[in-house]
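A.B. asks: Here's a structure for you.
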There are 4 protein chains.
Amino acid sequence: MDKKKVPYSLNSKKVADATREWLHKRGVNITEIAELVMLLQKKYYPNLTMEECMENVEKVLMKREVQNAVLTGIQLDILAEQGALLPPLQDMIENDEGLYGVDEILAFSIVNVYGSIGFTNYGYVDKLKPGVLERLNDKSLGPIHTFLDDIVGAIAASASSRIAHRKQAEREQELGEESAPDTTR
Amino acid sequence: MDKKKVPYSLNSKKVADATREWLHKRGVNITEIAELVMLLQKKYYPNLTMEECMENVEKVLMKREVQNAVLTGIQLDILAEQGALLPPLQDMIENDEGLYGVDEILAFSIVNVYGSIGFTNYGYVDKLKPGVLERLNDKSLGPIHTFLDDIVGAIAASASSRIAHRKQAEREQELGEESAPDTTR
Amino acid sequence: MDKKKVPYSLNSKKVADATREWLHKRGVNITEIAELVMLLQKKYYPNLTMEECMENVEKVLMKREVQNAVLTGIQLDILAEQGALLPPLQDMIENDEGLYGVDEILAFSIVNVYGSIGFTNYGYVDKLKPGVLERLNDKSLGPIHTFLDDIVGAIAASASSRIAHRKQAEREQELGEESAPDTTR
Amino acid sequence: MDKKKVPYSLNSKKVADATREWLHKRGVNITEIAELVMLLQKKYYPNLTMEECMENVEKVLMKREVQNAVLTGIQLDILAEQGALLPPLQDMIENDEGLYGVDEILAFSIVNVYGSIGFTNYGYVDKLKPGVLERLNDKSLGPIHTFLDDIVGAIAASASSRIAHRKQAEREQELGEESAPDTTR
């Protein structure tokens with residue numbers, strides 16, 4: 001009866017903590033993602049620091065939508081490694097099948113939260129696979145990262161969008177303009 | 001070596017067959033989805049037949065993106081039923097957590113293939129849960145259909161979009177107009 | 001030269017102010033949008049107040065992506081009213097053509113910022129056209145609101161998502177749980 | 001009265017023809033888009049011909065969603081050139097403002113029709129701006145192509161996705177496999 005009044009809902013800290021923990025267990029650290037951000041943004045903001053990049057990655061990881069995508073994607077990677085999926089899904093994820101696009105869809109659900117200005121950055125790093133993405137995408141190394149490589153690229157693209165919004169706010173402040181910045185994200 | 005020249009790629013018939021088989025095993029038949037389509041479209045096309053609705057559902061199920069979403073969603077439902085997911089993802093999917101939106105994301109990857117005119121129909125059936133969706137969404141029945149109910153609604157919305165494009169082509173033909181219909185989907 | 005160092009970028013307050021002003025000029029006020037939010041959410045949060053609904057609509061309107069969609073959509077509505085678009089685009093927007101879905105696409109760019117949990121609410125109000133949406137959608141009244149009705153529905157759906165995230169944070173606080181709420185939006 | 005029974009709907013050939021005509025008037029030809037496709041795909045299909053690339057671009061342009069995005073985007077570019085938009089929208093489109101992402105949103109509505117496997121290709125060409133995209137993106141040349149450059153990149157990415165689906169079908173045919181290819185698009 002009381003159960004009806006207090007419906008199930010997951011504690012937000014557990015979801016946030018699991019996200020950090022799973023990324024770590026799958027071998028991805030915040031610094032590596034921040035390096036992708038730096039690669040994408042240093043051209044536009046020469047004074048951008050690694051500290052800022054890391055801080056923005058951290059903030060992206062606080063979004064519930066991002067956490068949902070990270071947990072779901074890593075779970076499917078792990079199950080594929082264990083051979084625990086039903087064929088033909090097992091085959092598609094295990095082999096990072098070209099015509100299977102659910103990994104890109106999860107990645108996009110991350111980018112979308114920070115608006116369309118991140119689309120281009122996502123596609124760019126996903127194609128070139130710099131830094132950590134090269135390692136995640138190396139099929140000879142054993143672990144299956146069909147979802148994770150796209151997800152990490154999406155986190156970096158989202159952090160880049162976040163920086164673009166904040167740098168605009170800073171610029172307006174320097175110019176002494178009245179401002180209504182969109183920095184509540 | 002030869003393996004390099006003939007890269008892995010999954011036979012399309014296996015993916016298509018598995019999609020049909022999994023829907024059937026999870027208790028969803030084409031007729032029920034067609035009934036949702038009829039519900040959505042009979043107001044606009046009074047002469048629409050159940051046969052047409054079923055044919056359009058069948059065509060939607062031939063799309064690779066649709067098959068990918070169906071297989072991935074049902075797989076996650078099954079694993080949640082078995083308690084085989086890691087917490088807190090297990091808890092979120094098992095309880096159809098309100099702030100977990102990956103089910104809607106997979107559903108939307110289906111609708112998107114048929115264009116934005118399906119967005120509204122998807123949201124409408126997903127909110128009202130008519131027909132088969134009521135059964136899929138009934139948490140007291142045992143099976144977990146966190147993903148499947150959204151996916152079935154998305155298939156019905158997509159078939160509705162497909163019908164809208166085809167009816168326009170028919171209308172132009174009746175009017176004897178020169179035509180360039182978008183019916184290759 | 002200096003121009004290179006201070007590239008063009010629009011003052012955020014001007015964009016925010018124009019958004020509010022254009023909505024007002026097109027006859028939409030915040031209270032009406034808040035009423036849609038109340039309609040969508042009172043079932044889940046019986047204690048929800050109109051004040052909270054209005055506050056959440058205000059916050060949604062502070063997002064740059066939302067402002068971009070509002071301004072672009074209203075501009076196209078106005079130009080269609082003036083007959084200033086080239087055929088056949090003029091005809092499609094003037095008549096709210098069923099196979100023209102760019103209005104839904106702009107609406108969705110708003111909903112996306114608040115995650116996939118808003119998809120269903122958007123589709124629902126867009127189909128049923130309650131309250132202000134009925135007036136905006138009434139083709140007999142003169143003004144063209146092909147874009148605006150979808151956009152207003154999307155703002156209401158986004159405010160509903162925002163509320164869902166915040167109510168979860170409140171619930172955790174009441175339970176005295178450790179918390180990591182996603183309320184920075 | 002009869003008007004009620006035969007509701008307005010735009011002749012599909014007029015929409016298709018206007019799309020081709022507007023692209024031509026804005027200085028974009030099919031061959032240039034096909035060259036982007038070749039650039040994106042020759043690595044995967046060494047025997048791909050320019051004829052195939054052009055044919056696939058033509059097929060993408062037959063989709064109603066693509067036509068809607070092309071017409072809407074080009075219309076906004078033209079109005080911005082004429083200074084006919086209201087500030088601050090005029091300023092944002094005229095200057096291809098970094099935080100204005102409606103151009104990317106329209107581009108994405110094109111890519112989505114061909115599924116998520118096109119996301120990466122879109123982002124890649126949109127970042128590198130090869131071939132025709134360099135010219136469209138050159139702000140010193142006079143015409144405003146804030147929307148058109150993203151749209152052309154999206155058409156090329158979509159044609160690339162279409163090719164990927166068809167090449168898989170060809171491969172299965174060569175292997176003498178039973179097949180259920182997704183080539184009805």
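Chain identifiers are assigned as A, B, and so on, following the order in which chains appear in the structure tokens; residues are numbered from 1 within each chain, and ligands are numbered from 1 in order of appearance.
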Using only C-alpha atoms, find each residue in chain A having at least one atom no more than 8 Å away from chain C; report its shortest atom-to-atom pair and that distance in Å (one decimal), rows by chain then rising number, as JSON lines.

C.D. replies:
```
{"residue": "A:Ser9", "atom": "CA", "partner": "C:Gln168", "partner_atom": "CA", "distance": 7.8}
{"residue": "A:Asn11", "atom": "CA", "partner": "C:Ser179", "partner_atom": "CA", "distance": 6.9}
{"residue": "A:Ser12", "atom": "CA", "partner": "C:Ala180", "partner_atom": "CA", "distance": 5.2}
{"residue": "A:Lys13", "atom": "CA", "partner": "C:Ala180", "partner_atom": "CA", "distance": 4.5}
{"residue": "A:Ala16", "atom": "CA", "partner": "C:Ala180", "partner_atom": "CA", "distance": 6.7}
{"residue": "A:Met62", "atom": "CA", "partner": "C:Asp182", "partner_atom": "CA", "distance": 6.3}
{"residue": "A:Lys63", "atom": "CA", "partner": "C:Asp182", "partner_atom": "CA", "distance": 5.5}
{"residue": "A:Arg64", "atom": "CA", "partner": "C:Asp182", "partner_atom": "CA", "distance": 6.0}
{"residue": "A:Glu65", "atom": "CA", "partner": "C:Gly115", "partner_atom": "CA", "distance": 6.4}
{"residue": "A:Ser109", "atom": "CA", "partner": "C:Gly115", "partner_atom": "CA", "distance": 7.6}
{"residue": "A:Asn112", "atom": "CA", "partner": "C:Asn112", "partner_atom": "CA", "distance": 5.9}
{"residue": "A:Val113", "atom": "CA", "partner": "C:Val113", "partner_atom": "CA", "distance": 4.3}
{"residue": "A:Tyr114", "atom": "CA", "partner": "C:Val113", "partner_atom": "CA", "distance": 6.4}
{"residue": "A:Gly115", "atom": "CA", "partner": "C:Val113", "partner_atom": "CA", "distance": 6.3}
{"residue": "A:Ser116", "atom": "CA", "partner": "C:Ser109", "partner_atom": "CA", "distance": 7.9}
{"residue": "A:Gln168", "atom": "CA", "partner": "C:Ser9", "partner_atom": "CA", "distance": 7.8}
{"residue": "A:Ala169", "atom": "CA", "partner": "C:Ser12", "partner_atom": "CA", "distance": 7.9}
{"residue": "A:Glu172", "atom": "CA", "partner": "C:Asn11", "partner_atom": "CA", "distance": 7.0}
{"residue": "A:Glu177", "atom": "CA", "partner": "C:Asn11", "partner_atom": "CA", "distance": 7.7}
{"residue": "A:Glu178", "atom": "CA", "partner": "C:Lys13", "partner_atom": "CA", "distance": 6.5}
{"residue": "A:Ser179", "atom": "CA", "partner": "C:Lys13", "partner_atom": "CA", "distance": 4.8}
{"residue": "A:Ala180", "atom": "CA", "partner": "C:Lys13", "partner_atom": "CA", "distance": 4.5}
{"residue": "A:Pro181", "atom": "CA", "partner": "C:Ser12", "partner_atom": "CA", "distance": 5.6}
{"residue": "A:Asp182", "atom": "CA", "partner": "C:Lys63", "partner_atom": "CA", "distance": 5.5}
{"residue": "A:Thr184", "atom": "CA", "partner": "C:Arg185", "partner_atom": "CA", "distance": 4.9}
{"residue": "A:Arg185", "atom": "CA", "partner": "C:Arg185", "partner_atom": "CA", "distance": 4.5}
```

A.B. asks: Could you write those residues out with N, CA and C atoms, as a PDB file, in the first residue's frame?

C.D. replies:
```pdb
ATOM      1  N   SER A   9      11.855   4.455  -7.446  1.00  0.00           N
ATOM      2  CA  SER A   9      12.684   5.300  -8.309  1.00  0.00           C
ATOM      3  C   SER A   9      14.096   5.207  -7.816  1.00  0.00           C
ATOM      4  N   ASN A  11      17.797   5.835  -6.797  1.00  0.00           N
ATOM      5  CA  ASN A  11      18.609   6.896  -6.200  1.00  0.00           C
ATOM      6  C   ASN A  11      19.611   7.428  -7.221  1.00  0.00           C
ATOM      7  N   SER A  12      19.624   8.742  -7.371  1.00  0.00           N
ATOM      8  CA  SER A  12      20.456   9.360  -8.411  1.00  0.00           C
ATOM      9  C   SER A  12      21.945   9.170  -8.170  1.00  0.00           C
ATOM     10  N   LYS A  13      22.334   9.074  -6.900  1.00  0.00           N
ATOM     11  CA  LYS A  13      23.763   8.926  -6.632  1.00  0.00           C
ATOM     12  C   LYS A  13      24.271   7.548  -7.067  1.00  0.00           C
ATOM     13  N   ALA A  16      24.812   7.748 -10.789  1.00  0.00           N
ATOM     14  CA  ALA A  16      25.999   8.553 -11.102  1.00  0.00           C
ATOM     15  C   ALA A  16      27.278   7.797 -10.750  1.00  0.00           C
ATOM     16  N   MET A  62      27.391  14.193 -15.297  1.00  0.00           N
ATOM     17  CA  MET A  62      26.367  14.340 -14.262  1.00  0.00           C
ATOM     18  C   MET A  62      24.943  14.294 -14.816  1.00  0.00           C
ATOM     19  N   LYS A  63      24.825  14.336 -16.129  1.00  0.00           N
ATOM     20  CA  LYS A  63      23.500  14.331 -16.745  1.00  0.00           C
ATOM     21  C   LYS A  63      22.927  12.913 -16.735  1.00  0.00           C
ATOM     22  N   ARG A  64      21.700  12.797 -16.305  1.00  0.00           N
ATOM     23  CA  ARG A  64      21.073  11.483 -16.229  1.00  0.00           C
ATOM     24  C   ARG A  64      21.000  10.779 -17.592  1.00  0.00           C
ATOM     25  N   GLU A  65      20.689  11.529 -18.645  1.00  0.00           N
ATOM     26  CA  GLU A  65      20.613  10.918 -19.979  1.00  0.00           C
ATOM     27  C   GLU A  65      21.960  10.321 -20.388  1.00  0.00           C
ATOM     28  N   SER A 109      22.095  10.230 -28.375  1.00  0.00           N
ATOM     29  CA  SER A 109      21.219  10.661 -27.285  1.00  0.00           C
ATOM     30  C   SER A 109      22.012  11.479 -26.259  1.00  0.00           C
ATOM     31  N   ASN A 112      22.726  15.101 -28.184  1.00  0.00           N
ATOM     32  CA  ASN A 112      21.493  15.883 -28.290  1.00  0.00           C
ATOM     33  C   ASN A 112      21.212  16.762 -27.085  1.00  0.00           C
ATOM     34  N   VAL A 113      21.581  16.305 -25.906  1.00  0.00           N
ATOM     35  CA  VAL A 113      21.305  17.049 -24.681  1.00  0.00           C
ATOM     36  C   VAL A 113      22.039  18.397 -24.694  1.00  0.00           C
ATOM     37  N   TYR A 114      23.131  18.443 -25.422  1.00  0.00           N
ATOM     38  CA  TYR A 114      23.882  19.697 -25.516  1.00  0.00           C
ATOM     39  C   TYR A 114      23.643  20.422 -26.837  1.00  0.00           C
ATOM     40  N   GLY A 115      22.624  19.997 -27.570  1.00  0.00           N
ATOM     41  CA  GLY A 115      22.221  20.722 -28.771  1.00  0.00           C
ATOM     42  C   GLY A 115      22.967  20.306 -30.020  1.00  0.00           C
ATOM     43  N   SER A 116      22.466  20.776 -31.138  1.00  0.00           N
ATOM     44  CA  SER A 116      22.948  20.304 -32.432  1.00  0.00           C
ATOM     45  C   SER A 116      24.353  20.771 -32.767  1.00  0.00           C
ATOM     46  N   GLN A 168      31.172  31.873 -24.680  1.00  0.00           N
ATOM     47  CA  GLN A 168      30.359  33.010 -25.134  1.00  0.00           C
ATOM     48  C   GLN A 168      29.946  33.867 -23.933  1.00  0.00           C
ATOM     49  N   ALA A 169      29.569  33.213 -22.844  1.00  0.00           N
ATOM     50  CA  ALA A 169      29.186  33.955 -21.630  1.00  0.00           C
ATOM     51  C   ALA A 169      30.369  34.760 -21.102  1.00  0.00           C
ATOM     52  N   GLU A 172      30.974  37.858 -23.293  1.00  0.00           N
ATOM     53  CA  GLU A 172      30.024  38.940 -23.029  1.00  0.00           C
ATOM     54  C   GLU A 172      30.369  39.676 -21.731  1.00  0.00           C
ATOM     55  N   GLU A 177      28.873  43.514 -21.460  1.00  0.00           N
ATOM     56  CA  GLU A 177      27.508  43.534 -21.992  1.00  0.00           C
ATOM     57  C   GLU A 177      26.509  42.992 -20.978  1.00  0.00           C
ATOM     58  N   GLU A 178      25.300  43.459 -21.086  1.00  0.00           N
ATOM     59  CA  GLU A 178      24.204  42.778 -20.408  1.00  0.00           C
ATOM     60  C   GLU A 178      24.126  41.386 -21.006  1.00  0.00           C
ATOM     61  N   SER A 179      23.774  40.434 -20.212  1.00  0.00           N
ATOM     62  CA  SER A 179      23.938  39.064 -20.676  1.00  0.00           C
ATOM     63  C   SER A 179      22.812  38.181 -20.165  1.00  0.00           C
ATOM     64  N   ALA A 180      22.464  37.140 -20.938  1.00  0.00           N
ATOM     65  CA  ALA A 180      21.489  36.142 -20.492  1.00  0.00           C
ATOM     66  C   ALA A 180      21.997  34.774 -20.932  1.00  0.00           C
ATOM     67  N   PRO A 181      23.167  34.421 -20.410  1.00  0.00           N
ATOM     68  CA  PRO A 181      23.849  33.246 -20.946  1.00  0.00           C
ATOM     69  C   PRO A 181      23.107  31.951 -20.608  1.00  0.00           C
ATOM     70  N   ASP A 182      23.276  30.985 -21.480  1.00  0.00           N
ATOM     71  CA  ASP A 182      22.669  29.671 -21.317  1.00  0.00           C
ATOM     72  C   ASP A 182      23.723  28.735 -20.725  1.00  0.00           C
ATOM     73  N   THR A 184      23.210  27.077 -17.687  1.00  0.00           N
ATOM     74  CA  THR A 184      22.623  26.222 -16.657  1.00  0.00           C
ATOM     75  C   THR A 184      22.555  24.783 -17.141  1.00  0.00           C
ATOM     76  N   ARG A 185      23.672  24.231 -17.506  1.00  0.00           N
ATOM     77  CA  ARG A 185      23.664  22.841 -17.959  1.00  0.00           C
ATOM     78  C   ARG A 185      24.928  22.127 -17.544  1.00  0.00           C
TER      79      ARG A 185
END
```

A.B. asks: Please provide as number ranges by chain all residues within 12 Å of stretch 140-148 of chain D, with the sequence filter that same-chain residues fewer than 4 positions apart are discarded (counting only C-alpha atoms).

C.D. replies: D: 22-28, 33, 69-83, 90-98, 100-108, 126, 132-136, 152-155

A.B. asks: Would you mind exporting C-alpha atoms of the selected residues as an mmCIF file, in the first residue's frame?

C.D. replies:
```cif
data_model
loop_
_atom_site.group_PDB
_atom_site.id
_atom_site.type_symbol
_atom_site.label_atom_id
_atom_site.label_comp_id
_atom_site.auth_asym_id
_atom_site.auth_seq_id
_atom_site.Cartn_x
_atom_site.Cartn_y
_atom_site.Cartn_z
ATOM 1 C CA TRP D 22 16.738 25.535 -56.104
ATOM 2 C CA LEU D 23 19.888 23.480 -55.640
ATOM 3 C CA HIS D 24 20.879 24.376 -59.204
ATOM 4 C CA LYS D 25 20.129 28.074 -58.725
ATOM 5 C CA ARG D 26 22.215 28.126 -55.554
ATOM 6 C CA GLY D 27 25.141 26.745 -57.541
ATOM 7 C CA VAL D 28 25.200 23.138 -56.381
ATOM 8 C CA ILE D 33 27.653 16.051 -54.187
ATOM 9 C CA ALA D 69 14.784 20.333 -45.577
ATOM 10 C CA VAL D 70 16.443 21.551 -48.791
ATOM 11 C CA LEU D 71 13.636 23.997 -49.590
ATOM 12 C CA THR D 72 13.373 25.351 -46.043
ATOM 13 C CA GLY D 73 17.122 25.773 -45.633
ATOM 14 C CA ILE D 74 17.708 27.453 -48.986
ATOM 15 C CA GLN D 75 14.719 29.758 -48.345
ATOM 16 C CA LEU D 76 16.266 30.948 -45.077
ATOM 17 C CA ASP D 77 19.645 31.463 -46.768
ATOM 18 C CA ILE D 78 18.021 33.567 -49.507
ATOM 19 C CA LEU D 79 16.017 35.668 -47.042
ATOM 20 C CA ALA D 80 19.163 36.285 -44.995
ATOM 21 C CA GLU D 81 20.954 37.445 -48.166
ATOM 22 C CA GLN D 82 18.112 39.881 -48.801
ATOM 23 C CA GLY D 83 18.250 41.103 -45.210
ATOM 24 C CA GLN D 90 18.985 37.909 -39.379
ATOM 25 C CA ASP D 91 22.313 38.408 -37.603
ATOM 26 C CA MET D 92 22.622 34.778 -36.550
ATOM 27 C CA ILE D 93 21.986 33.306 -40.009
ATOM 28 C CA GLU D 94 23.913 36.004 -41.880
ATOM 29 C CA ASN D 95 26.964 35.363 -39.706
ATOM 30 C CA ASP D 96 26.610 31.571 -39.406
ATOM 31 C CA GLU D 97 26.610 32.070 -35.617
ATOM 32 C CA GLY D 98 28.303 29.228 -33.777
ATOM 33 C CA TYR D 100 22.796 28.752 -33.805
ATOM 34 C CA GLY D 101 22.283 25.092 -34.637
ATOM 35 C CA VAL D 102 19.070 24.997 -36.694
ATOM 36 C CA ASP D 103 21.150 24.404 -39.827
ATOM 37 C CA GLU D 104 22.579 21.236 -38.259
ATOM 38 C CA ILE D 105 19.087 20.212 -37.178
ATOM 39 C CA LEU D 106 17.727 20.398 -40.714
ATOM 40 C CA ALA D 107 20.790 18.518 -41.963
ATOM 41 C CA PHE D 108 20.164 15.817 -39.411
ATOM 42 C CA ASP D 126 30.900 19.028 -42.092
ATOM 43 C CA VAL D 132 31.936 21.861 -52.835
ATOM 44 C CA LEU D 133 31.580 22.406 -49.070
ATOM 45 C CA GLU D 134 34.694 24.572 -49.002
ATOM 46 C CA ARG D 135 33.196 26.864 -51.613
ATOM 47 C CA LEU D 136 29.793 26.979 -49.914
ATOM 48 C CA VAL D 152 24.752 19.247 -48.972
ATOM 49 C CA GLY D 153 26.954 17.375 -46.480
ATOM 50 C CA ALA D 154 23.863 15.580 -45.190
ATOM 51 C CA ILE D 155 22.791 14.532 -48.688
#
```

A.B. asks: If DSSP is run on the backbone, what residues of stretch 19-183 of chain D are helix (DSSP H, G or I)? A reply as JSON, numbers by chain would be ideal.

C.D. replies: {"D": [19, 20, 21, 22, 23, 24, 25, 30, 31, 32, 33, 34, 35, 36, 37, 38, 39, 40, 41, 50, 51, 52, 53, 54, 55, 56, 57, 58, 59, 60, 64, 65, 66, 67, 68, 69, 70, 71, 72, 73, 74, 75, 76, 77, 78, 79, 80, 81, 89, 90, 91, 92, 93, 94, 102, 103, 104, 105, 106, 107, 108, 109, 110, 111, 112, 113, 116, 117, 118, 119, 120, 121, 122, 123, 124, 125, 126, 127, 128, 132, 133, 134, 135, 136, 137, 139, 140, 141, 148, 149, 150, 151, 152, 153, 154, 155, 156, 157, 158, 159, 160, 161, 162, 163, 164, 165, 166, 167, 168, 169, 170, 171, 172, 173, 174]}

A.B. asks: Excluding same-chain residues fewer than 3 positions from D:Ser160, what lies within 12 Å of it counting only C-alpha atoms, as a PyMOL selection string?

C.D. replies: (chain A and resi 99) or (chain D and resi 33-45+48+52-57+59-60+111+114-122+125+153-157+163-167)

A.B. asks: Just write the chosen residues, C-alpha atoms, as a short mmCIF file (atom, residue, chain, number, x, y, z; two decimals), in the first residue's frame.

C.D. replies:
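New file again.cif:
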```
data_model
loop_
_atom_site.label_atom_id
_atom_site.label_comp_id
_atom_site.auth_asym_id
_atom_site.auth_seq_id
_atom_site.Cartn_x
_atom_site.Cartn_y
_atom_site.Cartn_z
CA LEU A 99 24.77 -1.84 -40.68
CA ILE D 33 27.65 16.05 -54.19
CA ALA D 34 28.54 12.71 -55.78
CA GLU D 35 32.24 13.63 -55.43
CA LEU D 36 31.73 13.97 -51.65
CA VAL D 37 30.14 10.52 -51.64
CA MET D 38 33.08 9.07 -53.55
CA LEU D 39 35.50 10.68 -51.07
CA LEU D 40 33.61 9.09 -48.17
CA GLN D 41 33.16 5.63 -49.69
CA LYS D 42 36.02 4.77 -52.05
CA LYS D 43 38.05 3.38 -49.16
CA TYR D 44 35.36 0.79 -48.46
CA TYR D 45 34.34 0.03 -52.07
CA LEU D 48 32.62 2.32 -56.69
CA GLU D 52 26.77 4.92 -58.81
CA CYS D 53 27.46 7.88 -56.54
CA MET D 54 25.37 10.17 -58.71
CA GLU D 55 22.53 7.66 -58.89
CA ASN D 56 22.45 7.39 -55.11
CA VAL D 57 22.42 11.16 -54.67
CA LYS D 59 17.60 8.72 -55.06
CA VAL D 60 18.19 10.62 -51.82
CA VAL D 111 20.60 11.91 -42.42
CA TYR D 114 18.88 6.73 -43.85
CA GLY D 115 19.61 5.64 -40.32
CA SER D 116 22.27 6.31 -37.76
CA ILE D 117 25.13 4.84 -39.79
CA GLY D 118 25.25 8.18 -41.63
CA PHE D 119 25.86 10.33 -38.51
CA THR D 120 29.62 9.88 -38.63
CA ASN D 121 29.98 10.66 -42.32
CA TYR D 122 27.94 13.82 -41.90
CA VAL D 125 32.52 16.22 -44.05
CA GLY D 153 26.95 17.38 -46.48
CA ALA D 154 23.86 15.58 -45.19
CA ILE D 155 22.79 14.53 -48.69
CA ALA D 156 26.26 13.10 -49.30
CA ALA D 157 26.21 11.24 -45.97
CA ILE D 163 25.32 2.63 -50.80
CA ALA D 164 26.31 0.67 -47.68
CA HIS D 165 22.91 -1.03 -47.60
CA ARG D 166 23.02 -1.87 -51.32
CA LYS D 167 26.58 -3.16 -51.32
#
```

A.B. asks: Could you tell me how far atom CA of C:Pro46 sits from atom CA of C:Ile151, in Å to one decimal place?

C.D. replies: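 Between these atoms lies a distance of 26.1 Å.
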
A.B. asks: Quick one: pull the distance between atom CA of C:Lys127 and atom CA of A:Asn68, Å, one decimal.

C.D. replies: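 So the two atoms, atom CA of C:Lys127 and atom CA of A:Asn68, lie 28.4 Å apart.
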
A.B. asks: Do you have the atom CA of B:Ser161-atom CA of D:Glu170 distance handy?

C.D. replies: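 Here the two named atoms are 28.7 Å from each other.
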